[in-house]
file upload11.cif (mmCIF, C-alpha atoms)
data_coords
#
loop_
_atom_site.label_atom_id
_atom_site.label_comp_id
_atom_site.auth_asym_id
_atom_site.auth_seq_id
_atom_site.Cartn_x
_atom_site.Cartn_y
_atom_site.Cartn_z
CA MET Z 782 -68.45 70.95 29.09
CA ARG Z 783 -71.13 68.79 27.49
CA LEU Z 784 -74.42 70.66 27.32
CA VAL Z 785 -76.41 67.75 25.86
CA GLU Z 786 -75.73 64.10 26.69
CA ILE Z 787 -77.88 61.39 25.13
CA GLU Z 788 -77.13 57.69 25.59
CA ASN Z 789 -79.31 54.92 24.17
CA LEU Z 790 -82.45 57.04 23.81
CA SER Z 791 -85.65 55.34 22.66
CA VAL Z 792 -88.95 57.14 22.09
CA SER Z 793 -92.16 55.29 21.28
CA PHE Z 794 -95.84 56.20 21.03
CA ALA Z 795 -98.71 53.93 22.00
CA GLN Z 796 -101.45 54.05 19.36
CA ALA Z 797 -104.53 52.00 18.55
CA GLU Z 798 -102.74 50.14 15.75
CA GLY Z 799 -99.69 49.37 17.90
CA VAL Z 800 -96.50 50.95 19.20
CA VAL Z 801 -94.75 53.48 16.95
CA GLN Z 802 -90.98 53.43 17.46
CA ALA Z 803 -89.90 56.96 16.55
CA VAL Z 804 -86.34 56.87 17.97
CA ARG Z 805 -84.36 53.69 18.61
CA GLY Z 806 -81.12 53.52 20.57
CA LEU Z 807 -79.83 57.00 19.75
CA SER Z 808 -76.66 58.40 21.33
CA MET Z 809 -75.07 61.81 20.72
CA HIS Z 810 -73.70 64.86 22.52
CA VAL Z 811 -73.22 68.60 22.08
CA ASN Z 812 -70.44 70.60 23.73
CA ALA Z 813 -70.65 74.19 24.95
CA GLY Z 814 -70.44 76.61 22.03
CA GLU Z 815 -70.64 73.82 19.45
CA SER Z 816 -73.13 73.64 16.59
CA LEU Z 817 -74.58 70.25 15.64
CA GLY Z 818 -76.77 69.46 12.65
CA ILE Z 819 -79.30 66.61 12.68
CA VAL Z 820 -80.22 65.71 9.12
CA GLY Z 821 -82.43 63.09 7.52
CA GLU Z 822 -85.68 62.51 5.68
CA SER Z 823 -89.06 63.35 7.18
CA GLY Z 824 -89.98 60.74 9.77
CA SER Z 825 -86.40 59.88 10.69
CA GLY Z 826 -86.88 61.00 14.31
CA LYS Z 827 -85.05 64.36 14.26
CA SER Z 828 -87.74 66.55 15.84
CA VAL Z 829 -88.89 63.84 18.25
CA THR Z 830 -85.33 63.60 19.57
CA CYS Z 831 -85.24 67.31 20.40
CA MET Z 832 -88.71 67.25 21.94
CA ALA Z 833 -87.70 64.26 24.06
CA VAL Z 834 -84.58 66.03 25.38
CA LEU Z 835 -86.69 69.00 26.47
CA ARG Z 836 -89.44 66.66 27.75
CA LEU Z 837 -92.05 68.38 25.58
CA LEU Z 838 -93.76 65.13 24.59
CA ARG Z 839 -96.92 64.17 26.44
CA GLU Z 840 -96.32 60.99 28.45
CA PRO Z 841 -98.35 58.91 27.70
CA PRO Z 842 -98.84 58.30 24.79
CA ALA Z 843 -95.10 58.96 24.48
CA ARG Z 844 -92.65 56.73 26.35
CA ILE Z 845 -89.09 58.03 26.78
CA VAL Z 846 -86.36 55.61 27.88
CA ALA Z 847 -82.64 56.41 28.02
CA ASP Z 848 -79.48 55.35 29.83
CA ARG Z 849 -78.72 59.07 30.10
CA LEU Z 850 -80.66 62.14 28.97
CA ALA Z 851 -79.08 65.28 30.38
CA LEU Z 852 -79.04 69.05 29.78
CA ALA Z 853 -76.15 70.95 31.36
CA GLY Z 854 -75.66 68.04 33.76
CA THR Z 855 -79.32 67.81 34.84
CA ASP Z 856 -80.97 64.41 34.36
CA MET Z 857 -84.09 65.29 32.34
CA CYS Z 858 -85.71 61.91 33.03
CA LYS Z 859 -85.64 62.51 36.80
CA ALA Z 860 -86.30 66.27 36.79
CA SER Z 861 -89.49 67.53 38.44
CA LYS Z 862 -92.03 69.66 36.58
CA ARG Z 863 -90.69 72.72 38.39
CA ASP Z 864 -87.13 71.90 37.36
CA LEU Z 865 -88.23 71.34 33.75
CA SER Z 866 -89.96 74.72 33.68
CA ARG Z 867 -86.79 76.34 35.00
CA MET Z 868 -84.60 74.56 32.43
CA ARG Z 869 -86.76 75.53 29.45
CA GLY Z 870 -85.81 79.08 28.66
CA ARG Z 871 -82.83 79.60 30.96
CA VAL Z 872 -80.78 76.54 29.97
CA ALA Z 873 -82.36 75.50 26.67
CA ALA Z 874 -84.75 77.13 24.22
CA MET Z 875 -86.38 75.97 21.01
CA ILE Z 876 -87.33 77.56 17.69
CA PHE Z 877 -90.25 75.57 16.33
CA GLN Z 878 -90.96 74.72 12.69
CA ASP Z 879 -94.05 76.87 12.24
CA PRO Z 880 -94.04 80.15 14.18
CA MET Z 881 -97.68 80.80 13.26
CA THR Z 882 -98.77 77.82 15.35
CA ALA Z 883 -96.03 78.25 17.99
CA PHE Z 884 -97.34 81.69 19.02
CA ASP Z 885 -100.70 81.93 20.79
CA PRO Z 886 -103.00 83.78 18.35
CA VAL Z 887 -105.06 85.53 21.07
CA PHE Z 888 -102.11 87.34 22.70
CA THR Z 889 -99.80 89.97 21.27
CA ILE Z 890 -96.17 89.19 20.46
CA GLY Z 891 -95.11 91.51 23.26
CA HIS Z 892 -97.31 89.80 25.84
CA GLN Z 893 -95.76 86.43 25.03
CA ILE Z 894 -92.12 87.60 25.07
CA ILE Z 895 -92.64 89.64 28.24
CA GLU Z 896 -94.27 86.66 29.93
CA THR Z 897 -91.27 84.50 29.01
CA ILE Z 898 -88.80 87.00 30.46
CA GLN Z 899 -90.76 87.45 33.71
CA ALA Z 900 -91.11 83.68 34.15
CA HIS Z 901 -87.35 83.24 34.32
CA ARG Z 902 -85.96 86.52 35.66
CA PRO Z 903 -87.06 89.09 38.26
CA ALA Z 904 -88.20 92.03 36.12
CA SER Z 905 -91.06 94.48 36.16
CA LYS Z 906 -93.40 94.59 33.19
CA ALA Z 907 -91.79 97.83 32.00
CA GLU Z 908 -88.28 96.33 32.30
CA ALA Z 909 -89.35 93.15 30.52
CA ARG Z 910 -90.96 95.18 27.72
CA GLY Z 911 -87.76 97.16 27.30
CA GLU Z 912 -85.75 93.92 27.07
CA ALA Z 913 -88.26 92.46 24.60
CA GLU Z 914 -88.04 95.54 22.40
CA ALA Z 915 -84.24 95.45 22.51
CA MET Z 916 -84.23 91.77 21.55
CA LEU Z 917 -86.62 92.36 18.62
CA LYS Z 918 -84.27 95.08 17.44
CA ARG Z 919 -81.33 92.68 17.79
CA VAL Z 920 -83.01 90.20 15.44
CA GLU Z 921 -83.30 93.02 12.89
CA ILE Z 922 -86.98 93.91 13.23
CA LYS Z 923 -87.08 97.57 12.25
CA ASN Z 924 -90.19 98.64 14.16
CA PRO Z 925 -89.94 96.62 17.41
CA ALA Z 926 -92.35 98.77 19.44
CA SER Z 927 -95.10 98.27 16.87
CA VAL Z 928 -94.40 94.53 16.58
CA LEU Z 929 -94.70 94.11 20.35
CA ASP Z 930 -98.30 95.33 20.11
CA SER Z 931 -99.11 93.16 17.06
CA TYR Z 932 -100.84 89.80 16.98
CA PRO Z 933 -99.20 86.83 15.20
CA HIS Z 934 -101.57 86.95 12.21
CA GLN Z 935 -100.53 90.55 11.53
CA LEU Z 936 -96.90 89.63 10.81
CA SER Z 937 -95.27 88.01 7.78
CA GLY Z 938 -93.61 84.61 8.02
CA GLY Z 939 -90.13 86.13 8.14
CA MET Z 940 -91.03 88.59 10.89
CA LEU Z 941 -92.75 85.87 12.89
CA GLN Z 942 -89.66 83.70 12.67
CA ARG Z 943 -87.50 86.59 13.87
CA ALA Z 944 -89.92 87.19 16.75
CA MET Z 945 -89.73 83.48 17.61
CA ILE Z 946 -85.93 83.70 17.72
CA ALA Z 947 -86.17 86.80 19.92
CA MET Z 948 -88.47 85.02 22.37
CA ALA Z 949 -86.22 81.92 22.44
CA LEU Z 950 -83.14 84.02 23.20
CA SER Z 951 -84.78 86.45 25.61
CA CYS Z 952 -83.48 84.49 28.61
CA ARG Z 953 -79.99 83.90 27.17
CA PRO Z 954 -80.14 80.07 27.02
CA GLN Z 955 -76.99 77.95 27.00
CA ILE Z 956 -78.22 75.90 24.04
CA LEU Z 957 -80.69 76.58 21.24
CA PHE Z 958 -82.70 73.89 19.44
CA ALA Z 959 -83.68 75.12 15.96
CA ASP Z 960 -86.24 72.76 14.41
CA GLU Z 961 -86.46 73.45 10.65
CA PRO Z 962 -86.33 77.23 11.28
CA THR Z 963 -86.48 78.15 7.57
CA THR Z 964 -89.05 75.64 6.25
CA ALA Z 965 -91.87 78.08 5.41
CA LEU Z 966 -89.67 80.96 4.22
CA ASP Z 967 -88.53 82.00 0.76
CA VAL Z 968 -84.87 81.59 -0.21
CA THR Z 969 -83.81 85.18 0.51
CA ILE Z 970 -85.36 85.21 3.99
CA GLN Z 971 -83.95 81.73 4.69
CA ALA Z 972 -80.41 83.01 4.17
CA GLN Z 973 -81.04 86.00 6.45
CA ILE Z 974 -82.48 83.83 9.24
CA LEU Z 975 -79.59 81.33 9.07
CA GLN Z 976 -77.01 84.10 9.21
CA LEU Z 977 -78.87 85.68 12.12
CA ILE Z 978 -78.86 82.40 14.08
CA LYS Z 979 -75.13 81.94 13.43
CA ASP Z 980 -74.33 85.51 14.51
CA LEU Z 981 -76.41 85.23 17.68
CA GLN Z 982 -74.84 81.89 18.56
CA VAL Z 983 -71.39 83.47 18.46
CA GLU Z 984 -72.54 86.60 20.30
CA PHE Z 985 -74.21 84.70 23.15
CA GLY Z 986 -71.75 81.78 23.21
CA MET Z 987 -74.55 79.22 22.86
CA GLY Z 988 -74.55 75.63 21.76
CA LEU Z 989 -76.78 74.99 18.73
CA ILE Z 990 -78.69 71.98 17.46
CA MET Z 991 -80.01 72.59 13.94
CA VAL Z 992 -82.65 70.11 12.78
CA THR Z 993 -83.18 70.07 9.02
CA HIS Z 994 -83.62 67.96 5.91
CA ASP Z 995 -81.76 70.59 3.86
CA LEU Z 996 -78.10 69.66 3.37
CA GLY Z 997 -77.34 73.21 2.23
CA VAL Z 998 -78.43 74.52 5.63
CA VAL Z 999 -76.16 71.97 7.32
CA ALA Z 1000 -73.16 72.93 5.17
CA GLU Z 1001 -73.51 76.62 6.03
CA THR Z 1002 -74.46 76.46 9.70
CA VAL Z 1003 -72.92 73.67 11.80
CA ASP Z 1004 -69.59 72.18 12.86
CA ARG Z 1005 -70.68 68.56 13.18
CA VAL Z 1006 -73.43 66.42 11.60
CA VAL Z 1007 -75.58 63.52 12.79
CA VAL Z 1008 -77.36 61.66 9.98
CA MET Z 1009 -80.58 59.91 11.08
CA TYR Z 1010 -82.73 57.33 9.35
CA GLY Z 1011 -85.55 55.20 10.69
CA GLY Z 1012 -85.06 56.50 14.22
CA ARG Z 1013 -81.38 55.56 14.31
CA VAL Z 1014 -78.08 57.39 13.78
CA MET Z 1015 -76.46 56.26 10.55
CA GLU Z 1016 -73.34 58.44 10.58
CA GLU Z 1017 -71.73 61.22 12.60
CA GLY Z 1018 -68.71 63.45 12.04
CA PRO Z 1019 -67.36 66.90 11.18
CA VAL Z 1020 -69.45 68.59 8.51
CA GLN Z 1021 -66.61 68.98 6.00
CA ASP Z 1022 -65.60 65.32 6.33
CA ILE Z 1023 -69.19 64.16 5.82
CA PHE Z 1024 -69.56 66.21 2.65
CA ASP Z 1025 -66.14 65.38 1.25
CA ALA Z 1026 -66.22 61.64 1.95
CA PRO Z 1027 -69.60 60.29 3.13
CA ALA Z 1028 -69.11 56.81 4.56
CA HIS Z 1029 -72.63 55.40 5.02
CA PRO Z 1030 -74.63 54.42 1.90
CA TYR Z 1031 -77.57 56.49 3.14
CA THR Z 1032 -75.43 59.62 3.57
CA ARG Z 1033 -74.06 59.17 0.04
CA ALA Z 1034 -77.57 58.70 -1.33
CA LEU Z 1035 -78.74 61.89 0.41
CA LEU Z 1036 -75.89 63.91 -1.05
CA HIS Z 1037 -76.35 62.49 -4.55
CA SER Z 1038 -80.06 63.36 -4.48
CA VAL Z 1039 -79.37 67.09 -4.06
CA PRO Z 1040 -80.28 68.72 -7.42
CA GLY Z 1041 -78.12 71.16 -9.34
CA GLN Z 1042 -74.68 70.03 -8.18
CA THR Z 1043 -73.25 70.27 -11.71
CA ALA Z 1044 -73.98 72.62 -14.59
CA GLY Z 1045 -76.37 71.67 -17.38
CA ARG Z 1046 -79.42 69.46 -17.59
CA GLN Z 1047 -79.26 66.28 -15.55
CA ARG Z 1048 -81.51 63.54 -14.30
CA LEU Z 1049 -82.58 63.91 -10.68
CA VAL Z 1050 -81.10 61.08 -8.60
CA GLU Z 1051 -83.61 59.60 -6.19
CA ILE Z 1052 -83.39 57.11 -3.35
CA PRO Z 1053 -85.58 54.15 -4.36
CA GLY Z 1054 -88.35 52.93 -2.09
CA ALA Z 1055 -89.89 54.71 0.87
CA SER Z 1056 -88.94 55.55 4.45
CA PRO Z 1057 -89.60 52.71 6.92
CA ASN Z 1058 -92.88 52.49 8.78
CA PRO Z 1059 -92.04 53.31 12.44
CA ALA Z 1060 -94.90 51.07 13.57
CA HIS Z 1061 -93.27 48.11 11.76
CA PRO Z 1062 -89.56 48.92 11.34
CA PRO Z 1063 -87.45 46.51 9.28
CA THR Z 1064 -85.11 44.08 10.97
CA GLY Z 1065 -81.39 44.69 10.83
CA CYS Z 1066 -80.19 47.97 9.37
CA PRO Z 1067 -83.22 50.24 8.78
CA PHE Z 1068 -81.80 51.33 5.40
CA HIS Z 1069 -81.19 47.84 4.02
CA PRO Z 1070 -84.47 47.61 1.97
CA ARG Z 1071 -83.32 50.67 -0.04
CA CYS Z 1072 -79.58 50.01 -0.06
CA ASP Z 1073 -77.92 48.59 -3.20
CA GLN Z 1074 -75.06 47.19 -1.10
CA ALA Z 1075 -77.16 45.30 1.46
CA ASP Z 1076 -76.68 41.58 2.04
CA ALA Z 1077 -78.24 38.96 4.32
CA LYS Z 1078 -76.34 40.20 7.39
CA CYS Z 1079 -77.67 43.75 6.86
CA ALA Z 1080 -81.23 42.41 6.82
CA ALA Z 1081 -80.79 40.18 9.86
CA GLU Z 1082 -78.67 42.16 12.30
CA ALA Z 1083 -78.52 45.86 13.21
CA PRO Z 1084 -74.96 47.19 12.68
CA VAL Z 1085 -73.01 48.58 15.62
CA PHE Z 1086 -72.46 52.34 15.66
CA ALA Z 1087 -68.66 52.24 15.67
CA ALA Z 1088 -65.64 54.48 15.07
CA ILE Z 1089 -64.35 54.47 11.49
CA ALA Z 1090 -61.88 57.35 12.07
CA PRO Z 1091 -60.81 59.43 15.09
CA THR Z 1092 -63.71 61.87 14.62
CA ARG Z 1093 -66.08 59.72 12.54
CA HIS Z 1094 -68.67 57.07 13.47
CA ALA Z 1095 -71.08 55.06 11.35
CA ALA Z 1096 -73.46 52.13 11.61
CA CYS Z 1097 -72.77 49.94 8.59
CA TRP Z 1098 -71.47 46.38 8.35
CA ARG Z 1099 -69.56 47.30 5.16
CA LEU Z 1100 -67.36 49.68 7.17
CA GLN Z 1101 -66.53 47.35 10.08
#
call {"tool": "encode", "arguments": {"input": "upload11.cif", "output": "structure tokens"}}
result
Amino acid sequence: MRLVEIENLSVSFAQAEGVVQAVRGLSMHVNAGESLGIVGESGSGKSVTCMAVLRLLREPPARIVADRLALAGTDMCKASKRDLSRMRGRVAAMIFQDPMTAFDPVFTIGHQIIETIQAHRPASKAEARGEAEAMLKRVEIKNPASVLDSYPHQLSGGMLQRAMIAMALSCRPQILFADEPTTALDVTIQAQILQLIKDLQVEFGMGLIMVTHDLGVVAETVDRVVVMYGGRVMEEGPVQDIFDAPAHPYTRALLHSVPGQTAGRQRLVEIPGASPNPAHPPTGCPFHPRCDQADAKCAAEAPVFAAIAPTRHAACWRLQ
């Protein structure tokens, strides 16, 4: 069963200086129980894609257009506000980048988790509190009763992230969107949070979409990878295949720019130039201004996202 189906998704924002094209013609899917990583530089459209699927973008200024945009078979473009509220939490949940801003600072952690549970399931306040406490314990918070009565500013970044995971999973969603869940955490806590998400995915049988710019997170967490750049998908395939033999020039450049891959002192490899301006995207392939293999066709015409192997796809004229 396909939990997420996206075909030809475009997301734009109307602004005073013009239309910002954040996502352009994106297609991808996630099956039940599968984990998918979306990787790319900041501004590539990763988070906007997830927000568009869950219809969390304010429209206008956002404009969402797709041939198909579905969660568990429900057309999210045609769903009513009531249906969307029902879907968020029970079918899909999201871990946001910054838990300090995701939680409401004037309510306790317990109030917010309990409210989430009662919004989606018939439960008394006492029953919901018991479930919230049990979920906090499941995400390895040692004093769950005390944390339930705490305000967001009273918790550390790691504890807040665990509480955010607990709230997201409190209604047992079918798929979890994790948007840079370890960005503000130190390395030790990052590893703990990633392992926790993996364990909970297996335990609950969820699908997982992990949004990150960290290739190390992708290597440890997901089964399949989508590489985005300039609002488009550059390459897609099994994680091991992508790391062993990256096909697209952008994917290779990303992997080469990861520091510390070999022992000893070495010069940091960088990708020349800057990410494209979404208000004025380049013609043709969005990566061609920074690509050392680009030719006139790359600059004039956008490559087709085509199969290059049974389980691999890429958008590059050099591969077709």
call {"tool": "resolve_selection", "arguments": {"input": "upload11.cif", "expression": "the PyMOL selection byres ((chain Z and resi 1005) around 7)", "output": "PyMOL selection string"}}
result
chain Z and resi 816-818+1003-1004+1006+1018-1020
call {"tool": "resolve_selection", "arguments": {"input": "upload11.cif", "expression": "the PyMOL selection byres ((chain Z and resi 1061-1065) around 8)", "output": "list in words"}}
result
Val801, Gln802, Gly1011, Pro1057, Asn1058, Pro1059, Ala1060, Cys1066, Pro1067, His1069, Pro1070, Lys1078, Cys1079, Ala1080, Ala1081, Glu1082, Ala1083 and Pro1084 of chain Z
call {"tool": "closest_residue", "arguments": {"input": "upload11.cif", "among": "Z:Val811, Z:Ala795, Z:Leu950, Z:Ala909", "to": "Arg839 (chain Z)", "atoms": "only C-alpha atoms"}}
result
Z:Ala795
call {"tool": "resolve_selection", "arguments": {"input": "upload11.cif", "expression": "the PyMOL selection byres ((chain Z and resi 1013) around 9)", "output": "ChimeraX atom specification"}}
result
/Z:803-808,825-826,1008-1012,1014-1015,1067
call {"tool": "closest_residue", "arguments": {"input": "upload11.cif", "among": "Z:Asn924, Z:Leu1035, Z:Val983, Z:Pro903", "to": "Val1050 (chain Z)", "atoms": "all atoms listed in the file"}}
result
Z:Leu1035
call {"tool": "atom_distance", "arguments": {"input": "upload11.cif", "atom1": "CA of Met881 (chain Z)", "atom2": "CA of Pro933 (chain Z)"}}
result
6.5 Å
call {"tool": "decode", "arguments": {"input": "upload11.cif", "residues": "region 852-878 of chain Z", "atoms": "N, CA, C and O atoms", "output": "mmCIF file, in the first residue's frame"}}
result
data_model
loop_
_atom_site.group_PDB
_atom_site.id
_atom_site.type_symbol
_atom_site.label_atom_id
_atom_site.label_comp_id
_atom_site.auth_asym_id
_atom_site.auth_seq_id
_atom_site.Cartn_x
_atom_site.Cartn_y
_atom_site.Cartn_z
ATOM 1 N N LEU Z 852 -2.645 11.029 0.801
ATOM 2 C CA LEU Z 852 -2.186 10.363 2.013
ATOM 3 C C LEU Z 852 -3.132 9.206 2.299
ATOM 4 O O LEU Z 852 -4.335 9.423 2.468
ATOM 5 N N ALA Z 853 -2.589 8.001 2.325
ATOM 6 C CA ALA Z 853 -3.386 6.803 2.596
ATOM 7 C C ALA Z 853 -4.639 6.761 1.718
ATOM 8 O O ALA Z 853 -5.722 6.395 2.173
ATOM 9 N N GLY Z 854 -4.488 7.184 0.465
ATOM 10 C CA GLY Z 854 -5.581 7.138 -0.492
ATOM 11 C C GLY Z 854 -6.497 8.337 -0.499
ATOM 12 O O GLY Z 854 -7.355 8.459 -1.376
ATOM 13 N N THR Z 855 -6.334 9.254 0.455
ATOM 14 C CA THR Z 855 -7.178 10.455 0.519
ATOM 15 C C THR Z 855 -6.548 11.585 -0.272
ATOM 16 O O THR Z 855 -5.367 11.916 -0.063
ATOM 17 N N ASP Z 856 -7.307 12.178 -1.179
ATOM 18 C CA ASP Z 856 -6.826 13.297 -1.986
ATOM 19 C C ASP Z 856 -6.746 14.538 -1.105
ATOM 20 O O ASP Z 856 -7.767 15.103 -0.706
ATOM 21 N N MET Z 857 -5.528 14.970 -0.794
ATOM 22 C CA MET Z 857 -5.332 16.088 0.132
ATOM 23 C C MET Z 857 -5.705 17.430 -0.498
ATOM 24 O O MET Z 857 -5.960 18.397 0.220
ATOM 25 N N CYS Z 858 -5.743 17.503 -1.817
ATOM 26 C CA CYS Z 858 -6.133 18.752 -2.476
ATOM 27 C C CYS Z 858 -7.642 18.977 -2.425
ATOM 28 O O CYS Z 858 -8.108 20.115 -2.502
ATOM 29 N N LYS Z 859 -8.405 17.892 -2.297
ATOM 30 C CA LYS Z 859 -9.864 17.998 -2.275
ATOM 31 C C LYS Z 859 -10.444 17.815 -0.879
ATOM 32 O O LYS Z 859 -11.647 17.972 -0.688
ATOM 33 N N ALA Z 860 -9.604 17.478 0.102
ATOM 34 C CA ALA Z 860 -10.086 17.205 1.455
ATOM 35 C C ALA Z 860 -10.602 18.474 2.125
ATOM 36 O O ALA Z 860 -10.050 19.559 1.954
ATOM 37 N N SER Z 861 -11.691 18.344 2.887
ATOM 38 C CA SER Z 861 -12.240 19.466 3.635
ATOM 39 C C SER Z 861 -11.368 19.760 4.857
ATOM 40 O O SER Z 861 -10.503 18.960 5.228
ATOM 41 N N LYS Z 862 -11.615 20.906 5.490
ATOM 42 C CA LYS Z 862 -10.860 21.244 6.691
ATOM 43 C C LYS Z 862 -11.062 20.198 7.779
ATOM 44 O O LYS Z 862 -10.131 19.864 8.525
ATOM 45 N N ARG Z 863 -12.275 19.686 7.889
ATOM 46 C CA ARG Z 863 -12.552 18.651 8.884
ATOM 47 C C ARG Z 863 -11.782 17.380 8.586
ATOM 48 O O ARG Z 863 -11.217 16.747 9.500
ATOM 49 N N ASP Z 864 -11.735 16.993 7.314
ATOM 50 C CA ASP Z 864 -10.979 15.801 6.928
ATOM 51 C C ASP Z 864 -9.484 15.992 7.184
ATOM 52 O O ASP Z 864 -8.801 15.064 7.632
ATOM 53 N N LEU Z 865 -8.973 17.191 6.891
ATOM 54 C CA LEU Z 865 -7.558 17.478 7.125
ATOM 55 C C LEU Z 865 -7.225 17.373 8.602
ATOM 56 O O LEU Z 865 -6.182 16.819 8.981
ATOM 57 N N SER Z 866 -8.090 17.900 9.454
ATOM 58 C CA SER Z 866 -7.865 17.817 10.897
ATOM 59 C C SER Z 866 -7.851 16.367 11.366
ATOM 60 O O SER Z 866 -7.069 15.993 12.248
ATOM 61 N N ARG Z 867 -8.718 15.560 10.769
ATOM 62 C CA ARG Z 867 -8.761 14.138 11.129
ATOM 63 C C ARG Z 867 -7.501 13.415 10.667
ATOM 64 O O ARG Z 867 -6.959 12.559 11.384
ATOM 65 N N MET Z 868 -7.007 13.768 9.473
ATOM 66 C CA MET Z 868 -5.829 13.103 8.917
ATOM 67 C C MET Z 868 -4.572 13.419 9.713
ATOM 68 O O MET Z 868 -3.740 12.542 9.952
ATOM 69 N N ARG Z 869 -4.441 14.686 10.122
ATOM 70 C CA ARG Z 869 -3.240 15.098 10.859
ATOM 71 C C ARG Z 869 -3.307 14.555 12.278
ATOM 72 O O ARG Z 869 -4.116 14.988 13.086
ATOM 73 N N GLY Z 870 -2.457 13.623 12.561
ATOM 74 C CA GLY Z 870 -2.442 13.007 13.875
ATOM 75 C C GLY Z 870 -2.763 11.534 13.781
ATOM 76 O O GLY Z 870 -1.985 10.696 14.226
ATOM 77 N N ARG Z 871 -3.890 11.188 13.164
ATOM 78 C CA ARG Z 871 -4.293 9.791 13.074
ATOM 79 C C ARG Z 871 -3.648 9.077 11.889
ATOM 80 O O ARG Z 871 -3.279 7.907 11.984
ATOM 81 N N VAL Z 872 -3.521 9.764 10.766
ATOM 82 C CA VAL Z 872 -2.904 9.162 9.578
ATOM 83 C C VAL Z 872 -1.452 9.599 9.437
ATOM 84 O O VAL Z 872 -0.576 8.778 9.150
ATOM 85 N N ALA Z 873 -1.194 10.879 9.631
ATOM 86 C CA ALA Z 873 0.161 11.407 9.485
ATOM 87 C C ALA Z 873 0.465 12.378 10.614
ATOM 88 O O ALA Z 873 -0.416 13.095 11.091
ATOM 89 N N ALA Z 874 1.713 12.379 11.044
ATOM 90 C CA ALA Z 874 2.167 13.311 12.081
ATOM 91 C C ALA Z 874 3.522 13.856 11.671
ATOM 92 O O ALA Z 874 4.209 13.275 10.823
ATOM 93 N N MET Z 875 3.908 14.977 12.281
ATOM 94 C CA MET Z 875 5.139 15.643 11.882
ATOM 95 C C MET Z 875 5.960 16.066 13.095
ATOM 96 O O MET Z 875 5.416 16.566 14.078
ATOM 97 N N ILE Z 876 7.265 15.810 13.014
ATOM 98 C CA ILE Z 876 8.221 16.335 13.987
ATOM 99 C C ILE Z 876 8.872 17.542 13.340
ATOM 100 O O ILE Z 876 9.526 17.424 12.298
ATOM 101 N N PHE Z 877 8.707 18.711 13.934
ATOM 102 C CA PHE Z 877 9.210 19.936 13.327
ATOM 103 C C PHE Z 877 10.671 20.183 13.694
ATOM 104 O O PHE Z 877 11.215 19.590 14.639
ATOM 105 N N GLN Z 878 11.302 21.089 12.937
ATOM 106 C CA GLN Z 878 12.731 21.358 13.110
ATOM 107 C C GLN Z 878 13.073 21.858 14.500
ATOM 108 O O GLN Z 878 14.021 21.391 15.111
#
